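Participant: A single structure is presented below for examination.
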Amino acid sequence: MSLTGTPFLATLIVLAVVALALPLALWSRLRGPRPLRAAARVLMLLFAQLTAVALVFTLVNNANNLYDTWGDLLGTGGHVQRAEDLGADGKGGIAPDKLPKVKQTFRQAKGPGMHAAGGVRVTELKGRISGVTAEVYVWLPPQYDDPAYRHRTFPVVELLPGYPGSAKAWFGSLKAHEQLLPLMRSGRIAPFILVAPRTNLLAGRDTGCANVPGRVNADSWLSLDVPKMVMDNFRARPAPAGWAVAGYSAGAHCAAKLAVAHPDRYRAAVSMSGYNDPIGESGSLAARTPALRAANNPYLLLQKAAVPPRVALYVSGQPHDGYEAGLALARLAKAPTTVRVVYLPRSAGGHTMGLWRPQVVPAFRWLTEQLDGRPPAPGATPPARSSAGSTPAEPASGTASPAGAARTR
């Protein structure tokens with residue numbers, strides 16, 4: 001029975017009702033020795049508590065897409081077949097564009113939100129460079145199958161969840177495709193291909209989207225294997241001009257890091273409530289050693305770059321939750337690197353889906369400017385193109401003052 005499926009949730013609801021009804025019906029009717037009656041009553045109370053906890057956990061898990069499978073929850077799943085040392089570029093001497101094309105088999109994805117807005121498809125991808133085998137979810141814009149667009153290629157955005165987090169989260173919890181579909185149809189947002197690869201690759205550990213020889217090559221999985229699959233199977237624009245990466249929480253850190261580290265693979269990144277130093281997620285493999293921390297810190301990567309990378313970053317956050325990290329990047333950035341910092345007030349909510357869901361549309365308006373080149377629609381938040389310092393911006397909540405984005409809390 002699937003952890004996130006309706007049958008499991010329905011079973012828990014039934015058990016919770018039964019657990020509540022049992023003490024009401026049997027508490028005073030129990031017969032036998034006093035110790036036996038006491039033990040039976042304790043068992044009924046424990047059963048009621050366990051079913052209540054399990055039901056609440058399942059509801060929270062389904063709402064936030066934290067664990068997708070029993071293997072993810074129990075720490076028994078694994079998706080790494082090999083983890084060789086692939087070198088500084090993460091390619092291991094392989095030229096991705098020289099690899100033969102592989103046509104993937106896609107099926108309709110299951111779960112909350114997977115059938116909405118035209119439906120999300122999923123495939124099992126064997127990464128030929130990274131040694132990772134895992135699922136990748138793909139949503140196609142409404143124009144993709146329109147005969148008028150049959151010769152057109154489309155920009156791509158990779159979507160990364162936090163940790164723990166399911167690759168489905170951007171569709172199930174953030175409802176990105178449902179929010180963007182009408183705006184794509186009306187032309188207010190570019191028709192992006194949305195790609196959500198699995199990032200939870202090791203049981204009980206955050207990979208930090210890093211290459212760690214002997215453990216995992218998560219960077220190569222996300223920045224090489226997944227894009228290669230998309231280019232092989234869809235009419236996608238080539239990198240870097242047609243590619244961006246977006247994430248929230250730990251996924252936000254990954255998005256900024258991947259874009260800064262690989263300007264030849266991504267043109268833009270959206271980071272919502274992220275951090276620069278991998279130690280921001282204490283269980284991250286990228287925080288295991290000082291060398292790994294430095295190699296996966298977008299601030300240090302930007303600081304040490306011989307030539308400023310041609311990437312655009314959209315960084316949103318609240319005080320002490322992503323905002324200061326964005327300001328640090330903005331102060332360091334030099335053309336052609338651009339950084340837009342969006343200040344979110346504490347009143348907008350905490351580190352939850354409720355904070356990130358309203359940011360989807362403003363972020364994709366900004367991505368439209370970066371990847372599609374069209375001007376913003378009337379009334380849209382104008383994208384910033386400054387190469388240094390933070391730029392005031394209306395946050396997703398629309399409640400912060402413009403001055404808020406210019407100060408550090």
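Here's how to read the names in the structure tokens: chain A, B, ... by the order shown, residue numbers from 1 in each chain, ligand numbers from 1 in the order shown.
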Would you pick out the contacts of A:Leu300 at 12 Å or less, using only C-alpha atoms, so that residues sharing its chain but fewer than 4 positions from it are not included, and give the list as a PyMOL selection string?

Facilitator: chain A and resi 256-257+260-261+276-278+291-296+304-306+325+328-329+332-333

Participant: Could the residues in this selection be written to a file with all heavy atoms, as a short mmCIF file (atom, residue, chain, number, x, y, z; two decimals), in the first residue's frame?

Facilitator:
```
data_model
loop_
_atom_site.label_atom_id
_atom_site.label_comp_id
_atom_site.auth_asym_id
_atom_site.auth_seq_id
_atom_site.Cartn_x
_atom_site.Cartn_y
_atom_site.Cartn_z
N ALA A 256 20.97 27.60 -6.33
CA ALA A 256 21.97 28.65 -6.45
C ALA A 256 23.35 28.06 -6.72
O ALA A 256 24.10 28.56 -7.56
CB ALA A 256 22.00 29.49 -5.17
N LYS A 257 23.67 26.99 -6.02
CA LYS A 257 24.98 26.37 -6.18
C LYS A 257 25.16 25.82 -7.60
O LYS A 257 26.20 26.01 -8.24
CB LYS A 257 25.17 25.28 -5.15
CG LYS A 257 26.45 24.46 -5.32
CD LYS A 257 26.15 23.12 -5.94
CE LYS A 257 27.44 22.33 -6.19
NZ LYS A 257 27.17 20.95 -6.65
N VAL A 260 25.61 28.77 -10.17
CA VAL A 260 26.90 29.46 -10.06
C VAL A 260 28.05 28.54 -10.46
O VAL A 260 29.01 28.97 -11.11
CB VAL A 260 27.10 29.98 -8.62
CG1 VAL A 260 28.51 30.54 -8.44
CG2 VAL A 260 26.07 31.06 -8.30
N ALA A 261 27.95 27.26 -10.10
CA ALA A 261 29.02 26.31 -10.43
C ALA A 261 29.02 25.93 -11.91
O ALA A 261 30.07 25.59 -12.46
CB ALA A 261 28.87 25.05 -9.58
N ASN A 276 23.74 29.67 1.85
CA ASN A 276 24.94 29.53 1.03
C ASN A 276 25.84 28.40 1.53
O ASN A 276 26.25 27.53 0.76
CB ASN A 276 25.70 30.85 1.00
CG ASN A 276 24.95 31.93 0.24
OD1 ASN A 276 24.23 31.65 -0.71
ND2 ASN A 276 25.11 33.18 0.67
N ASP A 277 26.17 28.43 2.81
CA ASP A 277 27.03 27.41 3.40
C ASP A 277 26.23 26.11 3.57
O ASP A 277 25.17 26.12 4.19
CB ASP A 277 27.53 27.88 4.76
CG ASP A 277 28.63 26.99 5.34
OD1 ASP A 277 28.71 25.81 4.96
OD2 ASP A 277 29.41 27.50 6.16
N PRO A 278 26.72 24.98 3.03
CA PRO A 278 25.99 23.72 3.17
C PRO A 278 25.70 23.31 4.60
O PRO A 278 24.81 22.49 4.84
CB PRO A 278 26.92 22.70 2.49
CG PRO A 278 27.73 23.50 1.53
CD PRO A 278 27.92 24.83 2.19
N ALA A 291 36.58 21.10 2.69
CA ALA A 291 36.75 21.15 1.24
C ALA A 291 35.41 21.04 0.52
O ALA A 291 35.14 21.78 -0.44
CB ALA A 291 37.70 20.05 0.78
N LEU A 292 34.57 20.12 0.97
CA LEU A 292 33.25 19.97 0.36
C LEU A 292 32.39 21.20 0.61
O LEU A 292 31.67 21.66 -0.29
CB LEU A 292 32.55 18.73 0.91
CG LEU A 292 32.92 17.39 0.28
CD1 LEU A 292 32.28 16.24 1.06
CD2 LEU A 292 32.45 17.34 -1.18
N ARG A 293 32.47 21.76 1.82
CA ARG A 293 31.69 22.96 2.12
C ARG A 293 32.07 24.10 1.19
O ARG A 293 31.20 24.81 0.68
CB ARG A 293 31.91 23.37 3.58
CG ARG A 293 31.17 22.52 4.59
CD ARG A 293 31.49 22.94 6.01
NE ARG A 293 31.04 24.30 6.30
CZ ARG A 293 31.21 24.90 7.46
NH1 ARG A 293 31.84 24.27 8.46
NH2 ARG A 293 30.77 26.12 7.67
N ALA A 294 33.37 24.27 0.98
CA ALA A 294 33.82 25.36 0.11
C ALA A 294 33.43 25.11 -1.34
O ALA A 294 33.04 26.04 -2.06
CB ALA A 294 35.33 25.51 0.22
N ALA A 295 33.51 23.86 -1.78
CA ALA A 295 33.21 23.53 -3.18
C ALA A 295 31.73 23.62 -3.50
O ALA A 295 31.35 23.66 -4.68
CB ALA A 295 33.73 22.13 -3.50
N ASN A 296 30.88 23.65 -2.47
CA ASN A 296 29.43 23.67 -2.69
C ASN A 296 28.77 24.89 -2.07
O ASN A 296 27.56 24.89 -1.84
CB ASN A 296 28.82 22.39 -2.14
CG ASN A 296 29.19 21.17 -2.95
OD1 ASN A 296 28.60 20.90 -3.99
ND2 ASN A 296 30.20 20.44 -2.49
N LYS A 304 35.46 33.21 -5.79
CA LYS A 304 36.70 32.67 -6.34
C LYS A 304 36.68 32.55 -7.87
O LYS A 304 37.70 32.20 -8.47
CB LYS A 304 36.97 31.29 -5.74
CG LYS A 304 37.21 31.33 -4.24
CD LYS A 304 37.38 29.92 -3.67
CE LYS A 304 37.58 29.95 -2.17
NZ LYS A 304 37.70 28.58 -1.59
N ALA A 305 35.57 32.86 -8.49
CA ALA A 305 35.47 32.71 -9.94
C ALA A 305 36.45 33.65 -10.64
O ALA A 305 36.49 34.85 -10.36
CB ALA A 305 34.05 32.99 -10.40
N ALA A 306 37.25 33.10 -11.54
CA ALA A 306 38.20 33.92 -12.29
C ALA A 306 37.48 34.94 -13.15
O ALA A 306 37.93 36.09 -13.31
CB ALA A 306 39.08 33.02 -13.16
N ALA A 325 21.47 35.57 3.13
CA ALA A 325 22.26 34.84 2.13
C ALA A 325 22.14 35.50 0.77
O ALA A 325 23.13 35.60 0.02
CB ALA A 325 21.79 33.39 2.06
N ALA A 328 24.20 38.73 0.72
CA ALA A 328 25.64 38.45 0.59
C ALA A 328 26.00 38.19 -0.87
O ALA A 328 27.03 38.69 -1.36
CB ALA A 328 26.01 37.25 1.46
N LEU A 329 25.19 37.43 -1.57
CA LEU A 329 25.45 37.17 -2.98
C LEU A 329 25.33 38.44 -3.81
O LEU A 329 26.13 38.68 -4.72
CB LEU A 329 24.46 36.12 -3.50
CG LEU A 329 24.62 34.70 -2.96
CD1 LEU A 329 23.45 33.83 -3.39
CD2 LEU A 329 25.93 34.07 -3.42
N LEU A 332 28.33 40.70 -3.55
CA LEU A 332 29.52 40.13 -4.18
C LEU A 332 29.45 40.12 -5.70
O LEU A 332 30.47 40.12 -6.38
CB LEU A 332 29.71 38.69 -3.66
CG LEU A 332 31.00 37.95 -3.99
CD1 LEU A 332 32.20 38.66 -3.36
CD2 LEU A 332 30.91 36.51 -3.50
N ALA A 333 28.24 40.11 -6.23
CA ALA A 333 28.04 39.90 -7.67
C ALA A 333 28.63 41.03 -8.51
O ALA A 333 28.54 42.21 -8.17
CB ALA A 333 26.56 39.76 -7.96
#
```

Participant: Neighbouring residues of stretch 213-224 of chain A were defined as those with any atom within 9 Å, considering only C-alpha atoms; residues of the same chain fewer than 2 positions away were excluded. Please report them as a PyMOL selection string.

Facilitator: chain A and resi 80-86+89-91+96+127-133+158+197-199+201-202+207-211+226-229+254+258+262+265-266+285

Participant: Determine which residues of stretch 65-169 of chain A DSSP labels as strand (DSSP E or B) from the backbone of this structure, then write them out as an NGL selection string.

Facilitator: :A and (80 or 107-108 or 121-126 or 132-139 or 154 or 156-160)

Participant: Need to verify the contact set: A:Met1, 12 Å, only C-alpha atoms, exclusion of same-chain residues closer than 4 positions in sequence. Can you return it as a PyMOL selection string?

Facilitator: chain A and resi 5-12+69-70

Participant: Please measure the separation of atom CA of A:Leu160 and atom CA of A:Val136, giving the value in Å to one decimal.

Facilitator: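 Interatomic distance, atom CA of A:Leu160 to atom CA of A:Val136: 11.0 Å.
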
Participant: Quick one: residues within 9 Å of A:Tyr248, only C-alpha atoms, excluding same-chain residues fewer than 5 positions away - as a PDB file with N, CA, C and O atoms, in the first residue's frame?

Facilitator:
```
ATOM      1  N   LEU A 159      13.094  21.621 -11.037  1.00  0.00           N
ATOM      2  CA  LEU A 159      12.469  21.958  -9.762  1.00  0.00           C
ATOM      3  C   LEU A 159      12.991  21.039  -8.667  1.00  0.00           C
ATOM      4  O   LEU A 159      12.877  19.814  -8.776  1.00  0.00           O
ATOM      5  N   LEU A 160      13.540  21.624  -7.613  1.00  0.00           N
ATOM      6  CA  LEU A 160      14.166  20.852  -6.542  1.00  0.00           C
ATOM      7  C   LEU A 160      13.439  21.075  -5.220  1.00  0.00           C
ATOM      8  O   LEU A 160      13.201  22.224  -4.828  1.00  0.00           O
ATOM      9  N   PRO A 161      13.090  20.006  -4.501  1.00  0.00           N
ATOM     10  CA  PRO A 161      12.433  20.153  -3.209  1.00  0.00           C
ATOM     11  C   PRO A 161      13.438  20.371  -2.090  1.00  0.00           C
ATOM     12  O   PRO A 161      14.652  20.330  -2.306  1.00  0.00           O
ATOM     13  N   GLY A 162      12.925  20.581  -0.880  1.00  0.00           N
ATOM     14  CA  GLY A 162      13.792  20.655   0.286  1.00  0.00           C
ATOM     15  C   GLY A 162      14.134  19.256   0.767  1.00  0.00           C
ATOM     16  O   GLY A 162      13.867  18.263   0.094  1.00  0.00           O
ATOM     17  N   HIS A 253      19.282  26.101  -1.823  1.00  0.00           N
ATOM     18  CA  HIS A 253      20.749  26.079  -1.784  1.00  0.00           C
ATOM     19  C   HIS A 253      21.292  25.381  -3.024  1.00  0.00           C
ATOM     20  O   HIS A 253      22.235  25.869  -3.668  1.00  0.00           O
ATOM     21  N   CYS A 254      20.698  24.242  -3.368  1.00  0.00           N
ATOM     22  CA  CYS A 254      21.158  23.485  -4.535  1.00  0.00           C
ATOM     23  C   CYS A 254      20.998  24.295  -5.814  1.00  0.00           C
ATOM     24  O   CYS A 254      21.871  24.286  -6.682  1.00  0.00           O
ATOM     25  N   ALA A 255      19.873  24.981  -5.946  1.00  0.00           N
ATOM     26  CA  ALA A 255      19.623  25.743  -7.166  1.00  0.00           C
ATOM     27  C   ALA A 255      20.681  26.821  -7.375  1.00  0.00           C
ATOM     28  O   ALA A 255      21.248  26.960  -8.474  1.00  0.00           O
ATOM     29  N   VAL A 270      16.382  30.130  -9.126  1.00  0.00           N
ATOM     30  CA  VAL A 270      15.470  30.687  -8.129  1.00  0.00           C
ATOM     31  C   VAL A 270      15.742  29.982  -6.811  1.00  0.00           C
ATOM     32  O   VAL A 270      15.683  28.754  -6.733  1.00  0.00           O
ATOM     33  N   SER A 271      16.037  30.768  -5.773  1.00  0.00           N
ATOM     34  CA  SER A 271      16.350  30.224  -4.456  1.00  0.00           C
ATOM     35  C   SER A 271      15.378  30.812  -3.436  1.00  0.00           C
ATOM     36  O   SER A 271      15.415  32.011  -3.152  1.00  0.00           O
ATOM     37  N   MET A 272      14.497  29.980  -2.877  1.00  0.00           N
ATOM     38  CA  MET A 272      13.506  30.436  -1.913  1.00  0.00           C
ATOM     39  C   MET A 272      13.842  29.871  -0.532  1.00  0.00           C
ATOM     40  O   MET A 272      13.840  28.663  -0.326  1.00  0.00           O
ATOM     41  N   SER A 273      14.184  30.771   0.386  1.00  0.00           N
ATOM     42  CA  SER A 273      14.526  30.402   1.772  1.00  0.00           C
ATOM     43  C   SER A 273      15.705  29.433   1.810  1.00  0.00           C
ATOM     44  O   SER A 273      15.674  28.417   2.510  1.00  0.00           O
ATOM     45  N   GLY A 274      16.747  29.746   1.068  1.00  0.00           N
ATOM     46  CA  GLY A 274      17.923  28.890   1.024  1.00  0.00           C
ATOM     47  C   GLY A 274      19.046  29.388   1.912  1.00  0.00           C
ATOM     48  O   GLY A 274      18.853  30.233   2.796  1.00  0.00           O
ATOM     49  N   TRP A 356       6.126  29.464   0.431  1.00  0.00           N
ATOM     50  CA  TRP A 356       6.708  29.309  -0.898  1.00  0.00           C
ATOM     51  C   TRP A 356       5.673  29.250  -2.024  1.00  0.00           C
ATOM     52  O   TRP A 356       5.957  29.669  -3.141  1.00  0.00           O
TER      53      TRP A 356
END
```

Participant: Between A:Trp139, A:Phe364, A:Phe154, A:Phe192, which one has atoms that come closest to A:Phe171, using only C-alpha atoms?

Facilitator: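 Closest to A:Phe171, using only C-alpha atoms: A:Trp139.
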
Participant: Compare A:Ala19, A:Leu3, A:Ala54, A:Ala134 by their minimum atom-to-atom distance to A:Asp225, counting only C-alpha atoms, and give me the closest one.

Facilitator: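 Using only C-alpha atoms, the shortest distance to A:Asp225 belongs to A:Ala134.
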
Participant: Near A:Gln104, within 10 Å and counting only C-alpha atoms, which residues show up once chain neighbours fewer than 4 positions away are dropped, as a compact mmCIF listing (two decimals) with all heavy atoms, in the first residue's frame?

Facilitator:
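Full text of out.txt as output:
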```txt
# COMPACT_ATOMS: atom_id res chain seq x y z
N VAL A 122 5.93 10.58 -15.56
CA VAL A 122 7.12 10.18 -14.81
C VAL A 122 7.84 9.06 -15.54
O VAL A 122 7.22 8.25 -16.24
CB VAL A 122 6.73 9.73 -13.37
CG1 VAL A 122 5.83 8.50 -13.40
CG2 VAL A 122 7.97 9.47 -12.53
N THR A 123 9.16 9.04 -15.38
CA THR A 123 9.98 7.98 -15.97
C THR A 123 11.06 7.58 -14.98
O THR A 123 11.42 8.35 -14.09
CB THR A 123 10.62 8.43 -17.29
OG1 THR A 123 11.23 7.32 -17.95
CG2 THR A 123 11.67 9.52 -17.06
N GLU A 124 11.57 6.37 -15.13
CA GLU A 124 12.70 5.90 -14.33
C GLU A 124 13.96 6.09 -15.17
O GLU A 124 14.11 5.46 -16.22
CB GLU A 124 12.51 4.43 -13.96
CG GLU A 124 13.50 3.90 -12.96
CD GLU A 124 13.16 4.26 -11.52
OE1 GLU A 124 12.13 4.94 -11.30
OE2 GLU A 124 13.92 3.87 -10.62
N LEU A 125 14.85 6.94 -14.72
CA LEU A 125 16.04 7.28 -15.49
C LEU A 125 17.28 6.63 -14.89
O LEU A 125 17.52 6.73 -13.69
CB LEU A 125 16.22 8.81 -15.51
CG LEU A 125 17.51 9.33 -16.17
CD1 LEU A 125 17.56 8.95 -17.65
CD2 LEU A 125 17.62 10.84 -15.99
N LYS A 126 18.05 6.00 -15.75
CA LYS A 126 19.35 5.46 -15.35
C LYS A 126 20.42 6.44 -15.79
O LYS A 126 20.70 6.58 -16.98
CB LYS A 126 19.58 4.09 -15.98
CG LYS A 126 18.64 3.00 -15.48
CD LYS A 126 18.98 1.64 -16.09
CE LYS A 126 18.07 0.56 -15.53
NZ LYS A 126 18.39 -0.78 -16.12
N MET A 229 18.52 13.60 -20.57
CA MET A 229 17.27 12.89 -20.81
C MET A 229 16.21 13.82 -21.40
O MET A 229 15.49 13.46 -22.33
CB MET A 229 16.77 12.28 -19.49
CG MET A 229 15.46 11.49 -19.62
SD MET A 229 13.95 12.49 -19.59
CE MET A 229 13.93 13.02 -17.89
N VAL A 230 16.12 15.04 -20.87
CA VAL A 230 15.12 15.98 -21.35
C VAL A 230 15.40 16.36 -22.80
O VAL A 230 14.49 16.39 -23.64
CB VAL A 230 15.09 17.24 -20.46
CG1 VAL A 230 14.17 18.31 -21.04
CG2 VAL A 230 14.64 16.87 -19.05
N ASP A 232 16.92 14.59 -24.98
CA ASP A 232 16.71 13.42 -25.83
C ASP A 232 15.24 13.16 -26.13
O ASP A 232 14.90 12.57 -27.16
CB ASP A 232 17.30 12.16 -25.18
CG ASP A 232 18.81 12.10 -25.25
OD1 ASP A 232 19.41 12.96 -25.91
OD2 ASP A 232 19.39 11.18 -24.62
N ASN A 233 14.37 13.59 -25.22
CA ASN A 233 12.97 13.17 -25.33
C ASN A 233 11.98 14.30 -25.59
O ASN A 233 10.82 14.02 -25.90
CB ASN A 233 12.57 12.46 -24.03
CG ASN A 233 13.21 11.09 -23.89
OD1 ASN A 233 12.66 10.10 -24.35
ND2 ASN A 233 14.39 11.04 -23.27
```

Participant: For atom CA of A:Gly118 and atom CA of A:Ser2, determine how far apart the two atoms are, in Å to one decimal place.

Facilitator: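 A separation of 23.2 Å between them.
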
Participant: Counting only C-alpha atoms, which residue out of A:Thr58, A:Ala176, A:Pro100, A:Gly71 sits closest to A:Gly113?

Facilitator: A:Ala176

Participant: From stretch 210-407 of chain A, collect each residue whose DSSP state is alpha helix (DSSP H) and return the set as a PyMOL selection string.

Facilitator: chain A and resi 218-220+226-233+250-261+290-295+298-304+323-332+353-356+360-367
